[in-house]
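Data block for coords34.cif (mmCIF, C-alpha atoms):
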data_final
loop_
_atom_site.label_atom_id
_atom_site.label_comp_id
_atom_site.auth_asym_id
_atom_site.auth_seq_id
_atom_site.Cartn_x
_atom_site.Cartn_y
_atom_site.Cartn_z
CA MET A 13 14.70 33.92 29.37
CA LYS A 14 15.17 34.81 33.04
CA LYS A 15 15.14 38.51 32.24
CA LYS A 16 11.94 38.10 30.21
CA ILE A 17 10.28 36.42 33.19
CA GLU A 18 11.35 39.26 35.46
CA VAL A 19 10.01 41.87 33.05
CA THR A 20 6.67 40.05 32.79
CA LEU A 21 6.30 39.88 36.56
CA LEU A 22 7.21 43.54 36.96
CA ILE A 23 4.69 44.51 34.29
CA ILE A 24 1.91 42.61 36.06
CA MET A 25 2.95 44.03 39.40
CA THR A 26 3.14 47.70 38.41
CA GLY A 27 0.30 47.77 35.90
CA LEU A 28 2.60 48.92 33.10
CA GLY A 29 1.49 46.26 30.77
CA MET A 30 -1.67 44.67 29.57
CA MET A 31 -5.51 44.74 29.34
CA ALA A 32 -8.85 42.88 29.46
CA CYS A 33 -10.77 40.76 26.98
CA ARG A 34 -14.28 41.24 28.43
CA HIS A 35 -13.93 41.94 32.16
CA PRO A 36 -13.31 44.51 33.53
CA LYS A 37 -15.24 46.72 31.12
CA LYS A 38 -13.38 48.41 28.30
CA LEU A 39 -12.87 52.15 27.79
CA ALA A 40 -12.84 53.83 24.42
CA ARG A 41 -9.38 54.69 23.21
CA SER A 42 -8.98 58.41 22.47
CA THR A 43 -6.67 60.10 20.01
CA PHE A 44 -3.95 62.76 20.21
CA PRO A 45 -4.68 65.55 19.73
CA ALA A 46 -8.37 65.48 20.58
CA ALA A 47 -10.41 64.67 17.46
CA ASP A 48 -13.05 67.39 17.04
CA THR A 49 -13.98 69.57 14.08
CA ASN A 50 -14.33 72.54 16.47
CA LYS A 51 -10.75 72.30 17.75
CA VAL A 52 -8.72 75.51 18.09
CA THR A 53 -4.92 75.69 18.23
CA ILE A 54 -3.70 77.99 20.98
CA GLY A 55 -0.63 80.08 20.19
CA GLY A 56 -0.47 79.03 16.57
CA ASP A 57 1.78 81.94 15.54
CA SER A 58 4.31 84.29 17.10
CA SER A 59 1.67 86.96 17.79
CA SER A 60 -0.15 84.50 20.03
CA ASN A 61 2.73 83.77 22.43
CA ALA A 62 1.15 85.87 25.15
CA GLU A 63 -2.14 84.04 24.73
CA LEU A 64 -0.37 80.67 24.91
CA THR A 65 1.49 81.65 28.08
CA ARG A 66 -1.70 82.85 29.75
CA PHE A 67 -3.68 79.80 28.68
CA THR A 68 -1.06 77.21 29.68
CA GLY A 69 -0.51 78.95 33.01
CA GLU A 70 -4.22 78.76 33.79
CA MET A 71 -4.41 75.15 32.59
CA LEU A 72 -1.42 74.02 34.68
CA LYS A 73 -2.90 75.74 37.72
CA GLY A 74 -6.12 73.77 37.18
CA ILE A 75 -4.27 70.47 36.67
CA HIS A 76 -2.20 70.97 39.81
CA ALA A 77 -5.38 71.82 41.76
CA ASN A 78 -6.63 68.30 40.91
CA HIS A 79 -3.47 66.67 42.27
CA ILE A 80 -4.46 63.93 44.72
CA GLU A 81 -2.82 64.48 48.08
CA PHE A 82 -2.78 61.68 50.66
CA ASN A 83 -0.86 60.11 53.51
CA THR A 84 -1.91 56.50 52.93
CA PHE A 85 -3.97 54.75 50.28
CA SER A 86 -5.54 51.30 50.10
CA GLY A 87 -7.23 50.04 46.94
CA LYS A 88 -8.66 46.80 45.57
CA MET A 89 -9.19 46.25 41.86
CA LYS A 90 -10.02 43.86 39.09
CA LEU A 91 -6.93 43.32 36.99
CA ALA A 92 -6.91 41.96 33.44
CA PHE A 93 -4.26 41.83 30.76
CA GLU A 94 -3.73 40.80 27.18
CA THR A 95 -0.61 40.28 25.08
CA ASP A 96 -0.10 38.72 21.67
CA LYS A 97 0.51 35.36 23.39
CA LYS A 98 -1.79 35.22 26.40
CA SER A 99 -4.52 36.97 28.38
CA HIS A 100 -6.20 36.82 31.79
CA ASN A 101 -9.38 38.66 32.73
CA ASN A 102 -10.20 37.56 36.27
CA LEU A 103 -7.25 38.59 38.44
CA ASN A 104 -7.57 40.66 41.61
CA ALA A 105 -5.01 43.09 42.98
CA THR A 106 -4.64 44.98 46.25
CA PHE A 107 -2.44 48.05 46.61
CA ARG A 108 -1.37 49.75 49.81
CA ILE A 109 0.71 52.91 49.76
CA LYS A 110 2.39 54.99 52.42
CA LYS A 111 3.18 58.20 50.60
CA ASP A 112 6.80 58.59 49.46
CA SER A 113 7.78 55.54 51.49
CA ILE A 114 6.38 52.13 50.53
CA ILE A 115 4.09 50.43 48.00
CA TRP A 116 2.69 47.01 48.86
CA ILE A 117 1.10 44.89 46.11
CA SER A 118 -0.70 41.54 46.11
CA VAL A 119 -2.07 39.86 42.97
CA SER A 120 -4.39 36.86 43.24
CA ALA A 121 -6.07 34.49 40.82
CA PRO A 122 -9.12 32.21 41.11
CA ILE A 123 -8.58 28.87 42.86
CA VAL A 124 -4.86 29.43 43.57
CA ASP A 125 -5.46 32.69 45.49
CA GLU A 126 -2.38 34.93 45.89
CA VAL A 127 0.25 34.46 43.18
CA ILE A 128 2.46 37.54 43.62
CA ARG A 129 3.30 39.76 46.59
CA ALA A 130 5.69 42.68 46.38
CA VAL A 131 7.03 45.51 48.49
CA ILE A 132 8.57 48.51 46.76
CA THR A 133 10.51 51.30 48.43
CA ARG A 134 12.56 54.11 46.96
CA ASP A 135 15.63 51.90 46.96
CA SER A 136 14.46 48.31 46.70
CA LEU A 137 12.00 45.88 45.18
CA LYS A 138 11.14 42.62 46.96
CA MET A 139 8.75 40.15 45.39
CA TYR A 140 7.84 36.50 45.55
CA ASN A 141 6.01 34.33 43.05
CA ARG A 142 4.05 31.60 44.83
CA LEU A 143 3.33 29.57 41.70
CA ASP A 144 6.98 29.10 40.76
CA LYS A 145 8.31 29.48 44.33
CA GLN A 146 10.66 32.25 43.24
CA LEU A 147 11.98 35.20 45.22
CA PHE A 148 13.15 38.43 43.57
CA LEU A 149 15.31 41.00 45.37
CA ARG A 150 16.30 44.00 43.30
CA LYS A 151 17.39 47.60 43.53
CA MET A 152 14.65 49.96 42.42
CA SER A 153 17.05 51.38 39.86
CA ASP A 154 16.92 48.02 38.04
CA ALA A 155 13.29 48.67 37.05
CA GLU A 156 14.35 51.26 34.49
CA GLU A 157 16.83 48.83 32.94
CA LEU A 158 14.38 45.92 32.89
CA LEU A 159 11.44 47.90 31.51
CA ASN A 160 13.64 50.13 29.34
CA ILE A 161 11.65 53.25 30.29
CA PRO A 162 12.31 56.12 32.71
CA PHE A 163 10.84 54.73 35.90
CA ASP A 164 11.07 55.42 39.62
CA PHE A 165 9.09 55.22 42.85
CA ASN A 166 7.32 58.55 42.34
CA THR A 167 6.18 57.58 38.83
CA LEU A 168 4.61 54.35 40.08
CA GLN A 169 3.02 56.08 43.06
CA ASP A 170 1.46 58.81 40.91
CA MET A 171 0.20 56.31 38.35
CA LEU A 172 -1.52 54.16 40.96
CA ILE A 173 -3.11 57.16 42.66
CA GLY A 174 -4.19 58.76 39.38
CA ASN A 175 -1.90 61.80 39.22
CA PRO A 176 -0.25 62.87 35.95
CA VAL A 177 3.13 61.30 35.19
CA TYR A 178 5.88 62.98 33.19
CA LEU A 179 4.09 66.35 33.26
CA THR A 180 6.42 69.35 32.79
CA ASP A 181 6.04 73.11 32.32
CA SER A 182 7.51 72.87 28.78
CA ILE A 183 4.16 72.83 27.00
CA TYR A 184 3.50 73.24 23.29
CA GLN A 185 1.04 72.14 20.58
CA VAL A 186 -1.97 73.12 22.66
CA VAL A 187 -5.29 72.26 21.01
CA LYS A 188 -8.64 73.09 22.63
CA THR A 189 -12.03 71.59 21.84
CA PRO A 190 -15.31 72.13 23.70
CA ALA A 191 -14.69 68.92 25.69
CA ILE A 192 -10.93 68.22 25.71
CA ILE A 193 -7.64 70.15 25.79
CA SER A 194 -4.67 68.35 24.21
CA PHE A 195 -1.04 69.38 24.65
CA SER A 196 2.52 68.07 24.51
CA CYS A 197 5.37 68.24 27.05
CA ASP A 198 9.06 68.16 26.25
CA HIS A 199 11.61 65.84 27.89
CA ALA A 200 15.24 65.03 27.12
CA LYS A 201 14.55 61.48 25.90
CA PHE A 202 10.83 61.35 25.08
CA ILE A 203 7.63 63.27 24.42
CA SER A 204 4.58 63.12 26.64
CA LEU A 205 1.09 63.97 25.41
CA PHE A 206 -1.96 64.78 27.50
CA ASN A 207 -5.71 65.11 27.13
CA VAL A 208 -7.47 66.91 30.00
CA PHE A 209 -11.15 67.73 30.34
CA ALA A 210 -11.85 71.33 29.29
CA ASP A 211 -14.29 72.03 32.11
CA ASP A 212 -12.22 71.04 35.15
CA TYR A 213 -8.73 70.08 33.82
CA GLY A 214 -9.15 66.51 35.05
CA LEU A 215 -6.79 63.99 33.49
CA GLN A 216 -8.41 61.97 30.70
CA GLN A 217 -5.39 60.46 28.93
CA SER A 218 -1.61 60.60 28.78
CA LYS A 219 0.94 59.07 26.47
CA VAL A 220 4.74 58.78 26.56
CA MET A 221 6.73 57.89 23.46
CA ASP A 222 10.31 57.87 22.25
CA LYS A 223 11.58 61.21 21.06
CA ASP A 224 14.01 59.83 18.50
CA SER A 225 13.04 56.89 16.32
CA THR A 226 16.03 55.12 14.76
CA GLY A 227 14.53 52.92 12.12
CA THR A 228 12.39 50.82 14.47
CA ALA A 229 8.86 51.52 15.59
CA LYS A 230 8.54 54.06 18.38
CA ARG A 231 7.78 52.66 21.79
CA SER A 232 4.84 54.24 23.55
CA CYS A 233 2.94 53.85 26.79
CA GLU A 234 -0.60 55.21 26.86
CA LEU A 235 -2.83 55.57 29.95
CA THR A 236 -6.54 56.37 29.97
CA TYR A 237 -8.39 57.42 33.13
CA GLY A 238 -12.15 57.29 33.64
CA ASP A 239 -15.18 56.88 35.91
CA TYR A 240 -14.15 59.65 38.31
CA THR A 241 -15.68 59.70 41.77
CA LYS A 242 -15.41 62.04 44.75
CA VAL A 243 -13.53 60.52 47.70
CA ALA A 244 -13.15 62.84 50.70
CA GLY A 245 -12.86 65.86 48.43
CA ARG A 246 -10.55 64.12 45.96
CA LYS A 247 -11.35 63.42 42.29
CA PHE A 248 -10.32 59.78 41.93
CA PRO A 249 -10.37 57.87 38.61
CA THR A 250 -11.67 54.37 39.35
CA THR A 251 -10.80 52.88 35.96
CA ARG A 252 -7.47 52.83 34.12
CA ARG A 253 -6.51 51.44 30.73
CA ILE A 254 -2.89 51.01 29.70
CA TYR A 255 -1.50 50.31 26.22
CA ILE A 256 2.17 49.63 25.53
CA GLU A 257 3.20 49.50 21.90
CA GLU A 258 6.53 48.41 20.49
CA LYS A 259 6.64 45.43 18.15
CA ASN A 260 3.35 44.23 19.65
CA VAL A 261 0.60 45.73 21.77
CA THR A 262 0.34 44.90 25.45
CA LYS A 263 -2.79 45.97 27.31
CA VAL A 264 -3.99 46.29 30.91
CA ALA A 265 -7.36 47.04 32.49
CA LEU A 266 -7.60 48.17 36.10
CA ASP A 267 -11.04 48.62 37.69
CA PHE A 268 -11.00 49.73 41.32
CA THR A 269 -13.70 48.12 43.47
CA ARG A 270 -12.58 49.77 46.72
CA TYR A 271 -10.47 52.81 47.58
CA ASP A 272 -9.66 54.32 50.98
CA PHE A 273 -7.45 57.28 51.82
CA ASP A 274 -5.59 58.01 55.06
CA VAL A 275 -6.46 54.82 56.92
CA PRO A 276 -4.07 52.79 59.13
CA LEU A 277 -2.21 50.19 57.05
CA SER A 278 0.22 47.30 57.47
CA PHE A 279 2.65 46.00 54.86
CA PRO A 280 3.33 42.33 55.67
CA PHE A 281 6.10 40.63 53.74
CA SER A 282 8.22 37.64 54.72
CA MET A 283 10.75 35.98 52.45
CA PRO A 284 10.08 32.23 52.17
CA ALA A 285 13.29 30.38 52.91
CA SER A 286 12.45 27.54 50.51
CA TYR A 287 11.95 29.80 47.47
CA LYS A 288 14.61 30.02 44.81
CA ARG A 289 16.25 33.44 44.64
CA MET A 290 16.26 34.84 41.11
#
Mind turning this structure into structure tokens?
Amino acid sequence: MKKKIEVTLLIIMTGLGMMACRHPKKLARSTFPAADTNKVTIGGDSSSNAELTRFTGEMLKGIHANHIEFNTFSGKMKLAFETDKKSHNNLNATFRIKKDSIIWISVSAPIVDEVIRAVITRDSLKMYNRLDKQLFLRKMSDAEELLNIPFDFNTLQDMLIGNPVYLTDSIYQVVKTPAIISFSCDHAKFISLFNVFADDYGLQQSKVMDKDSTGTAKRSCELTYGDYTKVAGRKFPTTRRIYIEEKNVTKVALDFTRYDFDVPLSFPFSMPASYKRM
């Protein structure tokens, strides 16, 4: 039971979990590959290898050009989640990031105000739960074991900022439509799928799923990005939707209400002496 509690708190904290009932607003869930009667498969036979190489090279160049660079980031958002057992649609979260160094997270609820505060570095995870007066001190490497997915500081940082996660150069199954380009990437343990907009290669959706299914349903984590806005020359997606499927579906909605890049930040965190260490 203790491990289940830890996993739930980590899911809320990182956004790898759940979604909204009615607020924030919902986004339509897309499909892989892009559903369109005008879709064209790139490099569908051996004679098209040169075309595939040229096309994927150009596409990757465009995707990398959209990569969000920053020194610091501060964002506030509406956070909602839904599982098969419970849901909340009126939480607020604040994220502060110093690139490649520290991620600070605070989650609050109506009436009770802040319920979770966490500080994540490359090596450690510190978090306290005000409601249950619990303190969690963990190595960052424990996150992969607890969530049972490949997970590290860079993955969380890119996901919060809106950069692609698990993107590699090993691209195949490229399908182009007038609006969306779909493709797959190869990894040792899983497959990642992407939809990017055909006009500017902006990220529209990504999905990671188990490569080898052994009798049980494949796990998958799907992220949808939307409502892009220009922030100091950056294309920033202000809405995110996350779906995790295994035996049940867990959903998250993140709607940013404020976002600031490269501003001075502090990362306050003190460990309450009276809290029970878990």
Exercise for the section: Tell me which protein, DNA and RNA residues are within 7 Å of Val187 in chain A, counting all atoms listed in the file, leaving out same-chain ones fewer than 6 positions away, and put them as a ChimeraX atom specification. Expected result: /A:45,51-54,193-195
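Counting all atoms listed in the file, the residue from A:Ile109, A:Ala92, A:Ile123, A:Leu147 that sits nearest to Ser282 in chain A is A:Leu147.
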Practice task
Using the chain letters and numbers from the file, give me the residues hit by the PyMOL selection byres ((chain A and resi 102) around 8), as a list of chain:residue names.
Solution key: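 Checking the PyMOL selection byres ((chain A and resi 102) around 8) against this file, the residues are A:His35, A:Lys90, A:Leu91, A:Ala92, A:His100, A:Asn101, A:Leu103, A:Asn104, A:Ala121, A:Pro122.
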Exercise for the section: Pull out every residue that the PyMOL selection byres ((chain A and resi 214-225) around 7) matches in the shown coordinates and put them as a list of chain:residue names. Expected result: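 With the PyMOL selection byres ((chain A and resi 214-225) around 7) on this model, the match is A:Ile75, A:Asn78, A:Lys201, A:Phe202, A:Ile203, A:Ser204, A:Leu205, A:Phe206, A:Asn207, A:Val208, A:Phe209, A:Asp212, A:Tyr213, A:Thr226, A:Gly227, A:Thr228, A:Ala229, A:Lys230, A:Arg231, A:Ser232, A:Cys233, A:Glu234, A:Leu235, A:Thr236, A:Tyr237, A:Gly238.
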Residues as selected, C-alpha atoms, written as a compact mmCIF listing (two decimals), in the frame of the given file, can you do that?
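File produced: part-v4.txt:
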# COMPACT_ATOMS: atom_id res chain seq x y z
CA ILE A 75 -4.27 70.47 36.67
CA ASN A 78 -6.63 68.30 40.91
CA LYS A 201 14.55 61.48 25.90
CA PHE A 202 10.83 61.35 25.08
CA ILE A 203 7.63 63.27 24.42
CA SER A 204 4.58 63.12 26.64
CA LEU A 205 1.09 63.97 25.41
CA PHE A 206 -1.96 64.78 27.50
CA ASN A 207 -5.71 65.11 27.13
CA VAL A 208 -7.47 66.91 30.00
CA PHE A 209 -11.15 67.73 30.34
CA ASP A 212 -12.22 71.04 35.15
CA TYR A 213 -8.73 70.08 33.82
CA THR A 226 16.03 55.12 14.76
CA GLY A 227 14.53 52.92 12.12
CA THR A 228 12.39 50.82 14.47
CA ALA A 229 8.86 51.52 15.59
CA LYS A 230 8.54 54.06 18.38
CA ARG A 231 7.78 52.66 21.79
CA SER A 232 4.84 54.24 23.55
CA CYS A 233 2.94 53.85 26.79
CA GLU A 234 -0.60 55.21 26.86
CA LEU A 235 -2.83 55.57 29.95
CA THR A 236 -6.54 56.37 29.97
CA TYR A 237 -8.39 57.42 33.13
CA GLY A 238 -12.15 57.29 33.64
Handout entry: Residues within 9 Å of Asp239 in chain A, all atoms listed in the file, excluding chain neighbours under 3 positions, as number ranges by chain
Key = A: 248-252
Exercise for the section: Would you mind reading off the distance between CA of Ile192 in chain A and CA of Phe67 in chain A, one decimal, in Å? Expected result: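 Interatomic distance here is 14.0 Å.
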Practice task
Report the distance between CA of Ala130 in chain A and CA of Phe279 in chain A in Å, rounded to one decimal place.
Solution key: 9.6 Å
Step by step, gather every atom of range 202-209 of chain A that the file lists, find the box along x, y and z that holds them, add 6 Å on each side, and finally give centre and edge lengths in Å to one decimal, as AutoDock Vina command-line options.
--center_x -0.2 --center_y 64.5 --center_z 27.4 --size_x 34.0 --size_y 18.4 --size_z 17.9
What residues come out when you apply the PyMOL selection byres ((chain A and resi 184) around 9) to this file, written as a JSON list (two decimals) with C-alpha atoms, in the coordinates of the input?
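This is the output file part_6.json:
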[["chain", "number", "residue", "atom", "x", "y", "z"],
["A", 54, "ILE", "CA", -3.70, 77.99, 20.98],
["A", 55, "GLY", "CA", -0.63, 80.08, 20.19],
["A", 64, "LEU", "CA", -0.37, 80.67, 24.91],
["A", 68, "THR", "CA", -1.06, 77.21, 29.68],
["A", 182, "SER", "CA", 7.51, 72.87, 28.78],
["A", 183, "ILE", "CA", 4.16, 72.83, 27.00],
["A", 185, "GLN", "CA", 1.04, 72.14, 20.58],
["A", 186, "VAL", "CA", -1.97, 73.12, 22.66],
["A", 195, "PHE", "CA", -1.04, 69.38, 24.65],
["A", 196, "SER", "CA", 2.52, 68.07, 24.51],
["A", 197, "CYS", "CA", 5.37, 68.24, 27.05],
["A", 198, "ASP", "CA", 9.06, 68.16, 26.25]]
What are the nearest atom pairs, with distances in Å to one decimal, for all residues of range 140-217 of chain A that come at most 12 Å from range 268-273 of chain A, using all atoms listed in the file, set out by chain and rising residue number as JSON lines?
{"residue": "A:Leu172", "atom": "CA", "partner": "A:Phe268", "partner_atom": "CA", "distance": 10.5}
{"residue": "A:Ile173", "atom": "CA", "partner": "A:Tyr271", "partner_atom": "CA", "distance": 9.9}
{"residue": "A:Gly174", "atom": "CA", "partner": "A:Phe268", "partner_atom": "CA", "distance": 11.5}
At the level of N, CA and C atoms, write range 250-274 of chain A to a file as an mmCIF file, in the first residue's frame, please.
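Output saved as result12.cif:
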data_model
loop_
_atom_site.group_PDB
_atom_site.id
_atom_site.type_symbol
_atom_site.label_atom_id
_atom_site.label_comp_id
_atom_site.auth_asym_id
_atom_site.auth_seq_id
_atom_site.Cartn_x
_atom_site.Cartn_y
_atom_site.Cartn_z
ATOM 1 N N THR A 250 0.301 25.521 -24.596
ATOM 2 C CA THR A 250 -0.265 25.903 -23.295
ATOM 3 C C THR A 250 -1.235 24.870 -22.736
ATOM 4 N N THR A 251 -1.575 23.854 -23.510
ATOM 5 C CA THR A 251 -2.420 22.776 -22.989
ATOM 6 C C THR A 251 -1.749 21.435 -23.247
ATOM 7 N N ARG A 252 -1.912 20.528 -22.305
ATOM 8 C CA ARG A 252 -1.378 19.163 -22.418
ATOM 9 C C ARG A 252 -2.458 18.196 -21.951
ATOM 10 N N ARG A 253 -2.556 17.066 -22.617
ATOM 11 C CA ARG A 253 -3.421 15.981 -22.168
ATOM 12 C C ARG A 253 -2.594 14.706 -22.139
ATOM 13 N N ILE A 254 -2.737 13.948 -21.069
ATOM 14 C CA ILE A 254 -1.933 12.753 -20.861
ATOM 15 C C ILE A 254 -2.854 11.576 -20.574
ATOM 16 N N TYR A 255 -2.611 10.469 -21.278
ATOM 17 C CA TYR A 255 -3.388 9.238 -21.077
ATOM 18 C C TYR A 255 -2.408 8.100 -20.795
ATOM 19 N N ILE A 256 -2.603 7.410 -19.696
ATOM 20 C CA ILE A 256 -1.816 6.212 -19.413
ATOM 21 C C ILE A 256 -2.761 5.029 -19.394
ATOM 22 N N GLU A 257 -2.432 4.039 -20.196
ATOM 23 C CA GLU A 257 -3.282 2.847 -20.292
ATOM 24 C C GLU A 257 -2.493 1.609 -19.909
ATOM 25 N N GLU A 258 -3.045 0.848 -19.011
ATOM 26 C CA GLU A 258 -2.545 -0.482 -18.682
ATOM 27 C C GLU A 258 -3.767 -1.339 -18.470
ATOM 28 N N LYS A 259 -4.111 -1.678 -17.242
ATOM 29 C CA LYS A 259 -5.376 -2.361 -16.992
ATOM 30 C C LYS A 259 -6.531 -1.367 -17.030
ATOM 31 N N ASN A 260 -6.252 -0.137 -16.599
ATOM 32 C CA ASN A 260 -7.241 0.929 -16.616
ATOM 33 C C ASN A 260 -6.630 2.163 -17.277
ATOM 34 N N VAL A 261 -7.457 3.162 -17.491
ATOM 35 C CA VAL A 261 -6.995 4.398 -18.102
ATOM 36 C C VAL A 261 -6.886 5.471 -17.031
ATOM 37 N N THR A 262 -5.737 6.119 -16.985
ATOM 38 C CA THR A 262 -5.514 7.246 -16.094
ATOM 39 C C THR A 262 -5.270 8.476 -16.956
ATOM 40 N N LYS A 263 -5.900 9.605 -16.579
ATOM 41 C CA LYS A 263 -5.881 10.770 -17.456
ATOM 42 C C LYS A 263 -5.484 12.031 -16.685
ATOM 43 N N VAL A 264 -4.822 12.953 -17.390
ATOM 44 C CA VAL A 264 -4.441 14.235 -16.802
ATOM 45 C C VAL A 264 -4.728 15.352 -17.784
ATOM 46 N N ALA A 265 -5.161 16.487 -17.281
ATOM 47 C CA ALA A 265 -5.283 17.705 -18.085
ATOM 48 C C ALA A 265 -4.450 18.798 -17.434
ATOM 49 N N LEU A 266 -3.605 19.437 -18.216
ATOM 50 C CA LEU A 266 -2.796 20.555 -17.759
ATOM 51 C C LEU A 266 -3.104 21.752 -18.651
ATOM 52 N N ASP A 267 -3.578 22.836 -18.067
ATOM 53 C CA ASP A 267 -3.838 24.068 -18.808
ATOM 54 C C ASP A 267 -3.035 25.195 -18.173
ATOM 55 N N PHE A 268 -2.009 25.657 -18.885
ATOM 56 C CA PHE A 268 -1.178 26.737 -18.363
ATOM 57 C C PHE A 268 -1.956 28.050 -18.375
ATOM 58 N N THR A 269 -1.904 28.772 -17.274
ATOM 59 C CA THR A 269 -2.520 30.096 -17.175
ATOM 60 C C THR A 269 -1.466 31.195 -17.152
ATOM 61 N N ARG A 270 -0.207 30.809 -16.898
ATOM 62 C CA ARG A 270 0.899 31.766 -16.924
ATOM 63 C C ARG A 270 2.176 31.031 -17.274
ATOM 64 N N TYR A 271 3.072 31.692 -18.006
ATOM 65 C CA TYR A 271 4.329 31.058 -18.404
ATOM 66 C C TYR A 271 5.351 32.160 -18.661
ATOM 67 N N ASP A 272 6.496 32.052 -17.989
ATOM 68 C CA ASP A 272 7.559 33.042 -18.096
ATOM 69 C C ASP A 272 8.895 32.338 -18.272
ATOM 70 N N PHE A 273 9.668 32.809 -19.232
ATOM 71 C CA PHE A 273 10.991 32.251 -19.476
ATOM 72 C C PHE A 273 12.067 33.227 -19.022
ATOM 73 N N ASP A 274 13.168 32.651 -18.490
ATOM 74 C CA ASP A 274 14.393 33.382 -18.185
ATOM 75 C C ASP A 274 14.157 34.552 -17.228
#
